Amino acid sequence: MRTIIEPFRIKAVEPLRMIDEAERKELLKAAHYNLFNLRAEHVLIDLLTDSGTAAMSQEQWAQIMRGDESYAGAKSYYEMEDQVRSIFGYKHMLPTHQGRAAERILFSVVLRPGMVVPNNNHFDTTRANVEYQGAEAVDLVIDEGKVPSLDHPFKGNLDVGKLEALIRDKGREKIPLVMITVTNNSGGGQPVSMENIKAVSAVCRKHHIPLFFDACRFAENAYFIKLREKGYQDKTPLEIAREMFSHADGATMSAKKDALVNIGGFLTMNHDGWFQQCANLLILTEGFPTYGGLAGRDLAAIAQGLREVLDEDYLCYRIASVAYLGKHLEELGVPFVKPAGGHAIFVDARAWLDHLPPEQLPGQALSAALYEKGGIRSVEIGTVMFGHQDPKTGKEVPATMDLVRLAIPRRVYTQSHIDYVIEVFAELAKGRKKIRGLAFTYQPPFLRHFTARFKRL
Ligand code: F0G
């Protein structure tokens, strides 16, 4: 087979600044070993996130010029609404400035203290927004989804048995909605099968509980279904996405991922009563319902991004480029969550840096080493993000996994950038036992990974 090439050519370029290892060591120390504190200009290859980091297409930039900036009833709003409805199929849509705003508004309306939200895996902002309402965020991903080395085509699936048990245990009235995150970011960017979506939907319908998608990476999920699930090979990603959404009642969306834009999100649903209350809250904090905290041009760019993201050539390249990185890391013996995710590779830092116990934050330590060695910025998804300090003993309670995510921005880096990342891993592989652990010197009460500080042990 021929090389799967980037299905685009480049006509605007952004130079990268080359700095040396000694300078990077100083910069990281000054950043208290927290990569969120680095200036982006000091990063060579930025794999911190695939969120808001996509390169927009020429058609999206053209839409930026065409954006209608009217306060109410802008043409760009209706373009976005049409596009969202043609894929998601729900009755109502509210634009928001990003995904977490959609989450906060939805959860403010539907949650009360003591309630429970099941999900395959809540993303950190989703969990924080559930907990902020005094409710409990429960992760019900299948057991296979928790074993990094295990290969399984749909490791993001939600355990239907556990969901039934939770509903029985807590009572239906405590569970105002069930969520499925596609793809399952916190679980390794792993997809959810159509079969699983249908099964979860059936349980929800039986108990009259609305089902919502956290749909950030819905197009990547749809393409995985096409590649891996029987009966979907001949369907288009659009047909698959529509079928996915047909089994649920609404979705929160960060347009910064699979709508290929740098800012934006939306909340979409069928429920008239919830929608009305959400629209009222939107006006309070985001803006009038036809712009929701975004400029008209942002709405226009989202509409265009949604038209592009389900293109098969794009999705083929997208999934192949992440798999390419995975294949080469595999050859180097670097353990990661198998199979490669849709938007990222999640390196199993706990397994690779097995000389460091979880209390010494192997994920953060690997992230720091990747930056110092090669100027690569990644993000720890492990004890720093999901662990906590025991209030009685002050000891670190580790997360179930210590992963380092290498998230690939959409349409931004070429294969040679990825080859460079592989070379840096090859160099680290030689001296991995020398990578030292880290310890917290400061941590805030919630979402601690963003502002925590560390020292090297
Ligand atoms: N849900 C999931 C699954 C996410 O991955 C994110 C963001 C959000 C919700 C929130 O969306 O950032 O637009 O408010 N994930 C980014 C990431 C930040 O790096 O994975 P947002």
# chains A, B, ... in the order shown; residues from 1 in each chain; ligands from 1
call {"tool": "residues_near_ligand", "arguments": {"ligand": "ligand 1", "cutoff": "6 Å", "atoms": "only C-alpha atoms and all ligand atoms", "output": "PDB file with N, CA and C atoms, in the first residue's frame"}}
result
ATOM      1  N   THR A  49      -2.311  19.233  23.611  1.00  0.00           N
ATOM      2  CA  THR A  49      -3.724  18.971  23.381  1.00  0.00           C
ATOM      3  C   THR A  49      -4.065  19.028  21.892  1.00  0.00           C
ATOM      4  N   ASP A  50      -5.150  18.354  21.553  1.00  0.00           N
ATOM      5  CA  ASP A  50      -5.716  18.455  20.205  1.00  0.00           C
ATOM      6  C   ASP A  50      -6.893  19.421  20.235  1.00  0.00           C
ATOM      7  N   SER A  51      -6.997  20.209  21.293  1.00  0.00           N
ATOM      8  CA  SER A  51      -8.176  21.049  21.499  1.00  0.00           C
ATOM      9  C   SER A  51      -7.898  22.500  21.139  1.00  0.00           C
ATOM     10  N   GLN A  98     -17.068  27.232  24.744  1.00  0.00           N
ATOM     11  CA  GLN A  98     -16.382  25.943  24.535  1.00  0.00           C
ATOM     12  C   GLN A  98     -17.174  24.834  25.197  1.00  0.00           C
ATOM     13  N   GLY A  99     -16.619  23.612  25.177  1.00  0.00           N
ATOM     14  CA  GLY A  99     -17.383  22.458  25.642  1.00  0.00           C
ATOM     15  C   GLY A  99     -17.799  22.557  27.104  1.00  0.00           C
ATOM     16  N   ARG A 100     -16.885  23.015  27.938  1.00  0.00           N
ATOM     17  CA  ARG A 100     -17.182  23.032  29.384  1.00  0.00           C
ATOM     18  C   ARG A 100     -18.303  23.995  29.726  1.00  0.00           C
ATOM     19  N   PHE A 123     -14.359  13.282  31.363  1.00  0.00           N
ATOM     20  CA  PHE A 123     -13.143  14.079  31.193  1.00  0.00           C
ATOM     21  C   PHE A 123     -13.015  14.971  32.425  1.00  0.00           C
ATOM     22  N   THR A 125     -12.845  18.219  33.041  1.00  0.00           N
ATOM     23  CA  THR A 125     -13.768  19.358  33.217  1.00  0.00           C
ATOM     24  C   THR A 125     -15.200  18.861  33.438  1.00  0.00           C
ATOM     25  N   THR A 126     -15.514  17.733  32.813  1.00  0.00           N
ATOM     26  CA  THR A 126     -16.868  17.186  32.941  1.00  0.00           C
ATOM     27  C   THR A 126     -17.077  16.731  34.384  1.00  0.00           C
ATOM     28  N   THR A 181     -18.910   9.307  26.416  1.00  0.00           N
ATOM     29  CA  THR A 181     -17.895  10.183  25.828  1.00  0.00           C
ATOM     30  C   THR A 181     -17.286   9.499  24.608  1.00  0.00           C
ATOM     31  N   ASN A 185     -11.753   9.993  25.855  1.00  0.00           N
ATOM     32  CA  ASN A 185     -10.473  10.693  26.003  1.00  0.00           C
ATOM     33  C   ASN A 185      -9.690  10.193  27.212  1.00  0.00           C
ATOM     34  N   ASP A 214     -21.017  13.131  25.176  1.00  0.00           N
ATOM     35  CA  ASP A 214     -19.956  14.138  25.178  1.00  0.00           C
ATOM     36  C   ASP A 214     -19.264  13.880  23.846  1.00  0.00           C
ATOM     37  N   CYS A 216     -17.202  15.486  21.658  1.00  0.00           N
ATOM     38  CA  CYS A 216     -16.016  16.193  21.131  1.00  0.00           C
ATOM     39  C   CYS A 216     -15.388  15.546  19.911  1.00  0.00           C
ATOM     40  N   SER A 254     -17.434  20.128  22.343  1.00  0.00           N
ATOM     41  CA  SER A 254     -16.352  21.080  22.235  1.00  0.00           C
ATOM     42  C   SER A 254     -15.964  21.148  20.764  1.00  0.00           C
ATOM     43  N   LYS A 256     -13.745  22.656  19.511  1.00  0.00           N
ATOM     44  CA  LYS A 256     -12.291  22.769  19.404  1.00  0.00           C
ATOM     45  C   LYS A 256     -11.634  21.457  18.990  1.00  0.00           C
TER      46      LYS A 256
END
call {"tool": "residues_around", "arguments": {"residues": "Arg17 (chain A)", "least_positions_apart": "5", "cutoff": "9 Å", "atoms": "only C-alpha atoms", "output": "mmCIF file with C-alpha atoms, in the first residue's frame"}}
result
data_model
loop_
_atom_site.group_PDB
_atom_site.id
_atom_site.type_symbol
_atom_site.label_atom_id
_atom_site.label_comp_id
_atom_site.auth_asym_id
_atom_site.auth_seq_id
_atom_site.Cartn_x
_atom_site.Cartn_y
_atom_site.Cartn_z
ATOM 1 C CA GLU A 41 7.089 29.796 21.877
ATOM 2 C CA HIS A 42 9.522 27.698 23.919
ATOM 3 C CA VAL A 43 7.893 24.489 22.732
ATOM 4 C CA LEU A 44 9.010 22.847 19.505
#
call {"tool": "select_by_dssp", "arguments": {"residues": "region 173-288 of chain A", "states": "alpha helix (DSSP H)", "output": "CSV table (one decimal) with C-alpha atoms, in the first residue's frame"}}
result
chain,number,residue,atom,x,y,z
A,194,MET,CA,-22.5,1.2,17.8
A,195,GLU,CA,-23.6,-2.0,19.5
A,196,ASN,CA,-22.6,-0.6,22.9
A,197,ILE,CA,-24.3,2.8,22.1
A,198,LYS,CA,-27.5,0.8,21.3
A,199,ALA,CA,-27.3,-1.3,24.4
A,200,VAL,CA,-26.7,1.7,26.7
A,201,SER,CA,-29.5,3.5,24.9
A,202,ALA,CA,-31.9,0.6,25.5
A,203,VAL,CA,-31.2,0.6,29.3
A,204,CYS,CA,-31.7,4.4,29.4
A,205,ARG,CA,-35.0,4.1,27.5
A,206,LYS,CA,-36.2,1.3,29.7
A,218,PHE,CA,-17.6,12.0,17.3
A,219,ALA,CA,-16.1,11.9,13.8
A,220,GLU,CA,-13.1,9.9,14.9
A,221,ASN,CA,-15.4,7.6,16.7
A,222,ALA,CA,-17.6,7.2,13.6
A,223,TYR,CA,-14.5,6.3,11.5
A,224,PHE,CA,-13.4,3.7,14.0
A,225,ILE,CA,-16.9,2.1,13.8
A,226,LYS,CA,-16.5,2.0,10.0
A,227,LEU,CA,-13.0,0.4,10.3
A,228,ARG,CA,-13.8,-2.0,13.1
A,237,PRO,CA,-18.9,8.5,8.4
A,238,LEU,CA,-21.8,10.9,8.2
A,239,GLU,CA,-24.3,8.0,8.1
A,240,ILE,CA,-22.6,6.4,11.1
A,241,ALA,CA,-22.5,9.7,13.1
A,242,ARG,CA,-26.2,10.2,12.4
A,243,GLU,CA,-26.9,6.7,13.6
A,244,MET,CA,-24.9,7.2,16.8
A,245,PHE,CA,-26.7,10.3,17.7
A,246,SER,CA,-30.1,8.8,16.8
A,272,ASP,CA,-38.0,21.4,25.4
A,273,GLY,CA,-38.1,22.2,29.1
A,274,TRP,CA,-34.4,21.7,29.7
A,275,PHE,CA,-33.6,23.6,26.6
A,276,GLN,CA,-35.6,26.6,27.8
A,277,GLN,CA,-33.8,26.7,31.2
A,278,CYS,CA,-30.4,26.2,29.5
A,279,ALA,CA,-31.2,29.1,27.1
A,280,ASN,CA,-32.0,31.3,30.1
A,281,LEU,CA,-28.7,30.4,31.8
A,282,LEU,CA,-26.8,30.9,28.5
A,283,ILE,CA,-28.1,34.5,28.3
A,284,LEU,CA,-26.9,35.1,31.9
A,285,THR,CA,-23.3,34.1,31.3
call {"tool": "residues_around", "arguments": {"residues": "Tyr291 (chain A)", "least_positions_apart": "4", "cutoff": "12 Å", "atoms": "only C-alpha atoms", "output": "PyMOL selection string"}}
result
chain A and resi 67-81+93-97+264-266+279+282-283+285-287+295-300
call {"tool": "write_last_selection", "arguments": {"atoms": "N, CA, C and O atoms", "output": "compact mmCIF listing (two decimals), in the first residue's frame"}}
result
# COMPACT_ATOMS: atom_id res chain seq x y z
N GLY A 67 -18.53 35.83 8.19
CA GLY A 67 -19.31 35.76 9.43
C GLY A 67 -20.26 36.94 9.58
O GLY A 67 -19.89 38.08 9.31
N ASP A 68 -21.46 36.63 10.02
CA ASP A 68 -22.46 37.69 10.25
C ASP A 68 -22.42 38.04 11.73
O ASP A 68 -22.73 37.21 12.58
N GLU A 69 -22.03 39.29 12.04
CA GLU A 69 -21.83 39.69 13.43
C GLU A 69 -23.07 40.33 14.06
O GLU A 69 -22.99 41.03 15.07
N SER A 70 -24.24 40.07 13.52
CA SER A 70 -25.47 40.60 14.12
C SER A 70 -25.66 40.02 15.51
O SER A 70 -25.38 38.84 15.75
N TYR A 71 -26.15 40.84 16.42
CA TYR A 71 -26.36 40.38 17.79
C TYR A 71 -27.41 39.26 17.83
O TYR A 71 -27.23 38.24 18.49
N ALA A 72 -28.50 39.46 17.13
CA ALA A 72 -29.58 38.47 17.16
C ALA A 72 -29.88 37.97 15.75
O ALA A 72 -29.90 38.76 14.80
N GLY A 73 -30.08 36.68 15.65
CA GLY A 73 -30.54 36.09 14.38
C GLY A 73 -29.51 36.10 13.26
O GLY A 73 -29.88 36.11 12.08
N ALA A 74 -28.23 36.06 13.60
CA ALA A 74 -27.19 36.11 12.56
C ALA A 74 -27.30 34.93 11.60
O ALA A 74 -27.63 33.81 12.01
N LYS A 75 -27.00 35.23 10.34
CA LYS A 75 -27.00 34.19 9.30
C LYS A 75 -26.06 33.04 9.70
O LYS A 75 -26.36 31.86 9.49
N SER A 76 -24.90 33.41 10.28
CA SER A 76 -23.92 32.39 10.65
C SER A 76 -24.49 31.43 11.70
O SER A 76 -24.15 30.24 11.72
N TYR A 77 -25.34 31.96 12.58
CA TYR A 77 -25.97 31.08 13.57
C TYR A 77 -26.82 30.03 12.86
O TYR A 77 -26.75 28.84 13.17
N TYR A 78 -27.62 30.48 11.90
CA TYR A 78 -28.51 29.53 11.22
C TYR A 78 -27.73 28.51 10.39
O TYR A 78 -28.11 27.35 10.30
N GLU A 79 -26.59 28.94 9.85
CA GLU A 79 -25.74 27.99 9.12
C GLU A 79 -25.22 26.91 10.07
O GLU A 79 -25.20 25.72 9.75
N MET A 80 -24.80 27.37 11.25
CA MET A 80 -24.27 26.41 12.22
C MET A 80 -25.39 25.48 12.71
O MET A 80 -25.22 24.27 12.80
N GLU A 81 -26.53 26.08 13.00
CA GLU A 81 -27.67 25.27 13.49
C GLU A 81 -28.05 24.20 12.46
O GLU A 81 -28.26 23.03 12.82
N MET A 93 -30.38 23.77 19.62
CA MET A 93 -28.92 23.93 19.68
C MET A 93 -28.59 25.30 20.26
O MET A 93 -29.17 26.31 19.85
N LEU A 94 -27.66 25.31 21.21
CA LEU A 94 -27.16 26.57 21.77
C LEU A 94 -25.65 26.63 21.57
O LEU A 94 -24.95 25.72 22.02
N PRO A 95 -25.13 27.67 20.94
CA PRO A 95 -23.67 27.80 20.86
C PRO A 95 -23.11 28.19 22.23
O PRO A 95 -23.78 28.91 22.99
N THR A 96 -21.91 27.73 22.54
CA THR A 96 -21.24 28.12 23.79
C THR A 96 -19.78 28.42 23.45
O THR A 96 -19.31 28.01 22.40
N HIS A 97 -19.09 29.08 24.38
CA HIS A 97 -17.72 29.46 24.02
C HIS A 97 -16.78 28.27 23.98
O HIS A 97 -15.79 28.28 23.28
N GLY A 264 -14.91 27.40 20.52
CA GLY A 264 -16.34 27.20 20.32
C GLY A 264 -16.84 25.88 20.85
O GLY A 264 -16.06 24.97 21.15
N GLY A 265 -18.13 25.80 21.00
CA GLY A 265 -18.77 24.58 21.45
C GLY A 265 -20.26 24.72 21.28
O GLY A 265 -20.75 25.74 20.77
N PHE A 266 -20.99 23.69 21.66
CA PHE A 266 -22.45 23.82 21.67
C PHE A 266 -23.09 22.75 22.54
O PHE A 266 -22.44 21.78 22.95
N ALA A 279 -31.25 27.85 27.88
CA ALA A 279 -31.17 29.11 27.11
C ALA A 279 -31.16 30.30 28.06
O ALA A 279 -30.42 31.27 27.85
N LEU A 282 -27.78 30.52 29.55
CA LEU A 282 -26.83 30.94 28.51
C LEU A 282 -26.81 32.46 28.42
O LEU A 282 -25.75 33.09 28.34
N ILE A 283 -27.98 33.06 28.47
CA ILE A 283 -28.08 34.52 28.35
C ILE A 283 -27.37 35.19 29.53
O ILE A 283 -26.70 36.20 29.39
N THR A 285 -24.73 34.11 31.25
CA THR A 285 -23.26 34.06 31.31
C THR A 285 -22.58 34.03 29.95
O THR A 285 -21.43 34.46 29.84
N GLU A 286 -23.23 33.54 28.92
CA GLU A 286 -22.53 33.39 27.64
C GLU A 286 -22.96 34.46 26.64
O GLU A 286 -22.13 35.10 26.02
N GLY A 287 -24.24 34.62 26.48
CA GLY A 287 -24.75 35.60 25.51
C GLY A 287 -26.10 35.17 24.97
O GLY A 287 -26.63 34.12 25.33
N ALA A 295 -18.18 34.93 18.35
CA ALA A 295 -18.39 35.89 17.26
C ALA A 295 -19.12 35.17 16.13
O ALA A 295 -19.01 33.94 15.99
N GLY A 296 -19.82 35.91 15.30
CA GLY A 296 -20.52 35.32 14.15
C GLY A 296 -19.56 34.53 13.28
O GLY A 296 -19.88 33.45 12.77
N ARG A 297 -18.34 35.05 13.13
CA ARG A 297 -17.35 34.35 12.28
C ARG A 297 -16.97 33.00 12.87
O ARG A 297 -16.68 32.06 12.14
N ASP A 298 -16.99 32.89 14.21
CA ASP A 298 -16.69 31.60 14.83
C ASP A 298 -17.78 30.58 14.49
O ASP A 298 -17.50 29.40 14.23
N LEU A 299 -19.02 31.05 14.53
CA LEU A 299 -20.14 30.15 14.22
C LEU A 299 -20.02 29.65 12.77
O LEU A 299 -20.23 28.47 12.47
N ALA A 300 -19.64 30.58 11.88
CA ALA A 300 -19.50 30.22 10.46
C ALA A 300 -18.38 29.21 10.26
O ALA A 300 -18.50 28.27 9.46
call {"tool": "closest_atom_pairs", "arguments": {"of": "region 301-328 of chain A", "to": "region 340-358 of chain A", "cutoff": "8 Å", "atoms": "only C-alpha atoms", "output": "CSV"}}
result
residue,atom,partner,partner_atom,distance
A:Arg318,CA,A:Gly342,CA,7.7
A:Ile319,CA,A:Gly342,CA,5.7
A:Val322,CA,A:Ala344,CA,6.3
A:Ala323,CA,A:Ala340,CA,5.5
A:Leu325,CA,A:Ile345,CA,7.6
A:Gly326,CA,A:Ala340,CA,5.8
call {"tool": "write_last_selection", "arguments": {"atoms": "N, CA and C atoms", "output": "short mmCIF file (atom, residue, chain, number, x, y, z; two decimals), in the first residue's frame"}}
result
data_model
loop_
_atom_site.label_atom_id
_atom_site.label_comp_id
_atom_site.auth_asym_id
_atom_site.auth_seq_id
_atom_site.Cartn_x
_atom_site.Cartn_y
_atom_site.Cartn_z
N ARG A 318 -6.12 11.07 9.38
CA ARG A 318 -6.10 11.41 10.81
C ARG A 318 -5.81 10.16 11.66
N ILE A 319 -6.58 9.12 11.43
CA ILE A 319 -6.44 7.92 12.25
C ILE A 319 -5.10 7.23 11.92
N VAL A 322 -1.98 8.95 13.71
CA VAL A 322 -1.83 8.60 15.13
C VAL A 322 -1.33 7.16 15.25
N ALA A 323 -1.88 6.29 14.41
CA ALA A 323 -1.45 4.88 14.43
C ALA A 323 0.03 4.75 14.05
N LEU A 325 2.49 6.85 14.72
CA LEU A 325 3.28 7.14 15.93
C LEU A 325 3.25 5.91 16.85
N GLY A 326 2.08 5.32 17.01
CA GLY A 326 1.94 4.14 17.86
C GLY A 326 2.81 2.99 17.39
#
call {"tool": "closest_residue", "arguments": {"among": "A:Thr53, A:Arg432, A:Ala368, A:Leu211", "to": "Ala31 (chain A)", "atoms": "only C-alpha atoms"}}
result
A:Ala368
call {"tool": "closest_residue", "arguments": {"among": "A:His208, A:Arg112, A:Lys11, A:Arg104", "to": "Thr252 (chain A)", "atoms": "only C-alpha atoms"}}
result
A:Arg104
call {"tool": "closest_residue", "arguments": {"among": "A:Ala399, A:Gln83, A:Glu21, A:Arg66", "to": "Arg307 (chain A)", "atoms": "only C-alpha atoms"}}
result
A:Gln83
call {"tool": "closest_residue", "arguments": {"among": "A:Ala365, A:Ala429, A:Leu177, A:Ile87", "to": "Leu457 (chain A)", "atoms": "only C-alpha atoms"}}
result
A:Ala365
call {"tool": "residues_around", "arguments": {"residues": "Leu361 (chain A)", "least_positions_apart": "4", "cutoff": "12 Å", "atoms": "only C-alpha atoms", "output": "mmCIF file with N, CA and C atoms, in the first residue's frame"}}
result
data_model
loop_
_atom_site.group_PDB
_atom_site.id
_atom_site.type_symbol
_atom_site.label_atom_id
_atom_site.label_comp_id
_atom_site.auth_asym_id
_atom_site.auth_seq_id
_atom_site.Cartn_x
_atom_site.Cartn_y
_atom_site.Cartn_z
ATOM 1 N N TYR A 33 8.309 22.712 36.738
ATOM 2 C CA TYR A 33 8.077 21.391 36.141
ATOM 3 C C TYR A 33 6.610 21.155 35.774
ATOM 4 N N ALA A 349 3.335 5.575 31.375
ATOM 5 C CA ALA A 349 4.564 6.021 32.047
ATOM 6 C C ALA A 349 4.853 5.159 33.280
ATOM 7 N N ARG A 350 3.807 4.676 33.929
ATOM 8 C CA ARG A 350 4.026 3.850 35.127
ATOM 9 C C ARG A 350 4.757 2.555 34.759
ATOM 10 N N LEU A 353 8.506 3.761 33.115
ATOM 11 C CA LEU A 353 9.434 4.242 34.147
ATOM 12 C C LEU A 353 9.169 3.448 35.425
ATOM 13 N N ASP A 354 9.360 2.136 35.331
ATOM 14 C CA ASP A 354 8.938 1.280 36.449
ATOM 15 C C ASP A 354 9.868 1.384 37.667
ATOM 16 N N HIS A 355 10.915 2.203 37.536
ATOM 17 C CA HIS A 355 11.741 2.471 38.719
ATOM 18 C C HIS A 355 11.120 3.568 39.593
ATOM 19 N N LEU A 356 10.068 4.228 39.095
ATOM 20 C CA LEU A 356 9.415 5.298 39.868
ATOM 21 C C LEU A 356 8.062 4.824 40.394
ATOM 22 N N PRO A 357 7.841 4.826 41.711
ATOM 23 C CA PRO A 357 6.502 4.487 42.222
ATOM 24 C C PRO A 357 5.519 5.616 41.881
ATOM 25 N N ALA A 365 7.010 13.068 35.349
ATOM 26 C CA ALA A 365 8.453 12.939 35.151
ATOM 27 C C ALA A 365 8.772 12.683 33.670
ATOM 28 N N LEU A 366 7.968 11.849 33.013
ATOM 29 C CA LEU A 366 8.199 11.576 31.590
ATOM 30 C C LEU A 366 7.902 12.816 30.743
ATOM 31 N N SER A 367 6.819 13.519 31.086
ATOM 32 C CA SER A 367 6.485 14.758 30.381
ATOM 33 C C SER A 367 7.643 15.747 30.455
ATOM 34 N N ALA A 368 8.211 15.869 31.647
ATOM 35 C CA ALA A 368 9.334 16.796 31.845
ATOM 36 C C ALA A 368 10.522 16.357 30.993
ATOM 37 N N GLU A 380 0.352 15.047 31.298
ATOM 38 C CA GLU A 380 0.184 13.919 32.214
ATOM 39 C C GLU A 380 -1.298 13.677 32.418
ATOM 40 N N ILE A 381 -1.712 12.422 32.272
ATOM 41 C CA ILE A 381 -3.095 12.058 32.597
ATOM 42 C C ILE A 381 -2.957 10.895 33.579
ATOM 43 N N GLY A 382 -2.824 11.223 34.811
ATOM 44 C CA GLY A 382 -2.572 10.188 35.811
ATOM 45 C C GLY A 382 -2.736 10.754 37.192
ATOM 46 N N THR A 383 -1.737 10.486 38.034
ATOM 47 C CA THR A 383 -1.859 10.858 39.443
ATOM 48 C C THR A 383 -1.950 12.375 39.638
ATOM 49 N N VAL A 384 -1.238 13.145 38.814
ATOM 50 C CA VAL A 384 -1.330 14.603 38.965
ATOM 51 C C VAL A 384 -2.751 15.071 38.635
ATOM 52 N N MET A 385 -3.310 14.535 37.552
ATOM 53 C CA MET A 385 -4.638 14.986 37.113
ATOM 54 C C MET A 385 -5.771 14.362 37.938
ATOM 55 N N PHE A 386 -5.663 13.073 38.211
ATOM 56 C CA PHE A 386 -6.809 12.383 38.828
ATOM 57 C C PHE A 386 -6.540 11.814 40.221
ATOM 58 N N GLY A 387 -5.313 11.895 40.699
ATOM 59 C CA GLY A 387 -5.057 11.466 42.065
ATOM 60 C C GLY A 387 -5.433 12.576 43.030
ATOM 61 N N HIS A 388 -5.231 12.353 44.317
ATOM 62 C CA HIS A 388 -5.466 13.425 45.287
ATOM 63 C C HIS A 388 -4.635 13.186 46.544
ATOM 64 N N GLU A 396 -0.039 11.115 48.908
ATOM 65 C CA GLU A 396 -0.640 11.069 47.582
ATOM 66 C C GLU A 396 -1.439 9.770 47.395
ATOM 67 N N VAL A 397 -2.698 9.900 46.964
ATOM 68 C CA VAL A 397 -3.469 8.717 46.590
ATOM 69 C C VAL A 397 -3.411 8.648 45.061
ATOM 70 N N PRO A 398 -2.690 7.645 44.501
ATOM 71 C CA PRO A 398 -2.466 7.638 43.047
ATOM 72 C C PRO A 398 -3.736 7.347 42.253
ATOM 73 N N ALA A 399 -3.724 7.778 40.994
ATOM 74 C CA ALA A 399 -4.796 7.432 40.062
ATOM 75 C C ALA A 399 -4.599 5.976 39.619
ATOM 76 N N MET A 401 -4.098 4.856 36.662
ATOM 77 C CA MET A 401 -3.032 4.743 35.656
ATOM 78 C C MET A 401 -2.204 6.025 35.686
ATOM 79 N N ASP A 402 -0.952 5.905 35.247
ATOM 80 C CA ASP A 402 -0.125 7.096 35.042
ATOM 81 C C ASP A 402 0.247 7.164 33.578
ATOM 82 N N LEU A 403 -0.533 7.933 32.835
ATOM 83 C CA LEU A 403 -0.332 8.020 31.392
ATOM 84 C C LEU A 403 0.236 9.385 31.014
ATOM 85 N N VAL A 404 0.884 9.423 29.863
ATOM 86 C CA VAL A 404 1.308 10.690 29.267
ATOM 87 C C VAL A 404 0.685 10.748 27.891
ATOM 88 N N ILE A 435 15.666 8.729 34.487
ATOM 89 C CA ILE A 435 14.665 9.799 34.618
ATOM 90 C C ILE A 435 14.193 9.842 36.076
ATOM 91 N N ARG A 436 14.287 11.039 36.668
ATOM 92 C CA ARG A 436 13.978 11.141 38.102
ATOM 93 C C ARG A 436 12.526 11.521 38.357
ATOM 94 N N GLY A 437 12.050 11.168 39.531
ATOM 95 C CA GLY A 437 10.672 11.445 39.904
ATOM 96 C C GLY A 437 10.480 12.895 40.324
ATOM 97 N N LEU A 438 9.204 13.246 40.544
ATOM 98 C CA LEU A 438 8.847 14.610 40.948
ATOM 99 C C LEU A 438 7.934 14.544 42.166
ATOM 100 N N ALA A 439 7.865 15.662 42.896
ATOM 101 C CA ALA A 439 6.935 15.752 44.030
ATOM 102 C C ALA A 439 6.259 17.118 44.008
ATOM 103 N N PHE A 440 5.017 17.172 44.486
ATOM 104 C CA PHE A 440 4.295 18.453 44.551
ATOM 105 C C PHE A 440 4.974 19.399 45.547
ATOM 106 N N HIS A 449 -3.890 19.886 38.255
ATOM 107 C CA HIS A 449 -2.810 19.771 37.266
ATOM 108 C C HIS A 449 -2.472 21.070 36.553
ATOM 109 N N PHE A 454 6.005 21.607 41.097
ATOM 110 C CA PHE A 454 6.735 20.380 41.465
ATOM 111 C C PHE A 454 8.199 20.674 41.700
ATOM 112 N N LYS A 455 8.844 19.725 42.408
ATOM 113 C CA LYS A 455 10.317 19.749 42.468
ATOM 114 C C LYS A 455 10.810 18.367 42.048
ATOM 115 N N ARG A 456 12.053 18.363 41.570
ATOM 116 C CA ARG A 456 12.634 17.090 41.131
ATOM 117 C C ARG A 456 13.210 16.373 42.342
ATOM 118 N N LEU A 457 12.984 15.075 42.418
ATOM 119 C CA LEU A 457 13.488 14.312 43.574
ATOM 120 C C LEU A 457 14.929 13.862 43.350
#
call {"tool": "residues_around", "arguments": {"residues": "region 150-161 of chain A", "least_positions_apart": "3", "cutoff": "7 Å", "atoms": "only C-alpha atoms", "output": "PyMOL selection string"}}
result
chain A and resi 120+140-142+144-145+147+164-165+183-184+187+190-193+196+199-200+228+338-339
call {"tool": "atom_distance", "arguments": {"atom1": "CA of Asp124 (chain A)", "atom2": "CA of Ile167 (chain A)"}}
result
23.1 Å
call {"tool": "select_by_dssp", "arguments": {"residues": "region 235-441 of chain A", "states": "strand (DSSP E or B)", "output": "PyMOL selection string"}}
result
chain A and resi 250-254+265-269+336+344-348+376-377+379-381+388-389+396-397+403-407+438-441
call {"tool": "closest_residue", "arguments": {"among": "A:Phe446, A:Gly134, A:Ala303, A:Val116", "to": "Ser86 (chain A)", "atoms": "only C-alpha atoms"}}
result
A:Ala303
call {"tool": "closest_residue", "arguments": {"among": "A:Ile64, A:Glu229, A:Ala102, A:Val421", "to": "Tyr324 (chain A)", "atoms": "only C-alpha atoms"}}
result
A:Val421
call {"tool": "decode", "arguments": {"residues": "region 179-184 of chain A", "atoms": "N, CA and C atoms", "output": "PDB file, in the first residue's frame"}}
result
ATOM      1  N   MET A 179     -24.265   9.630  30.383  1.00  0.00           N
ATOM      2  CA  MET A 179     -23.429  10.185  29.318  1.00  0.00           C
ATOM      3  C   MET A 179     -22.493   9.130  28.720  1.00  0.00           C
ATOM      4  N   ILE A 180     -22.194   9.311  27.444  1.00  0.00           N
ATOM      5  CA  ILE A 180     -21.160   8.498  26.791  1.00  0.00           C
ATOM      6  C   ILE A 180     -20.188   9.472  26.124  1.00  0.00           C
ATOM      7  N   THR A 181     -18.910   9.307  26.416  1.00  0.00           N
ATOM      8  CA  THR A 181     -17.895  10.183  25.828  1.00  0.00           C
ATOM      9  C   THR A 181     -17.286   9.499  24.608  1.00  0.00           C
ATOM     10  N   VAL A 182     -17.403  10.143  23.453  1.00  0.00           N
ATOM     11  CA  VAL A 182     -16.827   9.594  22.209  1.00  0.00           C
ATOM     12  C   VAL A 182     -15.833  10.584  21.622  1.00  0.00           C
ATOM     13  N   THR A 183     -14.659  10.075  21.278  1.00  0.00           N
ATOM     14  CA  THR A 183     -14.067   8.876  21.816  1.00  0.00           C
ATOM     15  C   THR A 183     -13.758   9.097  23.297  1.00  0.00           C
ATOM     16  N   ASN A 184     -13.394   8.019  23.973  1.00  0.00           N
ATOM     17  CA  ASN A 184     -13.201   8.121  25.422  1.00  0.00           C
ATOM     18  C   ASN A 184     -11.810   8.684  25.728  1.00  0.00           C
TER      19      ASN A 184
END
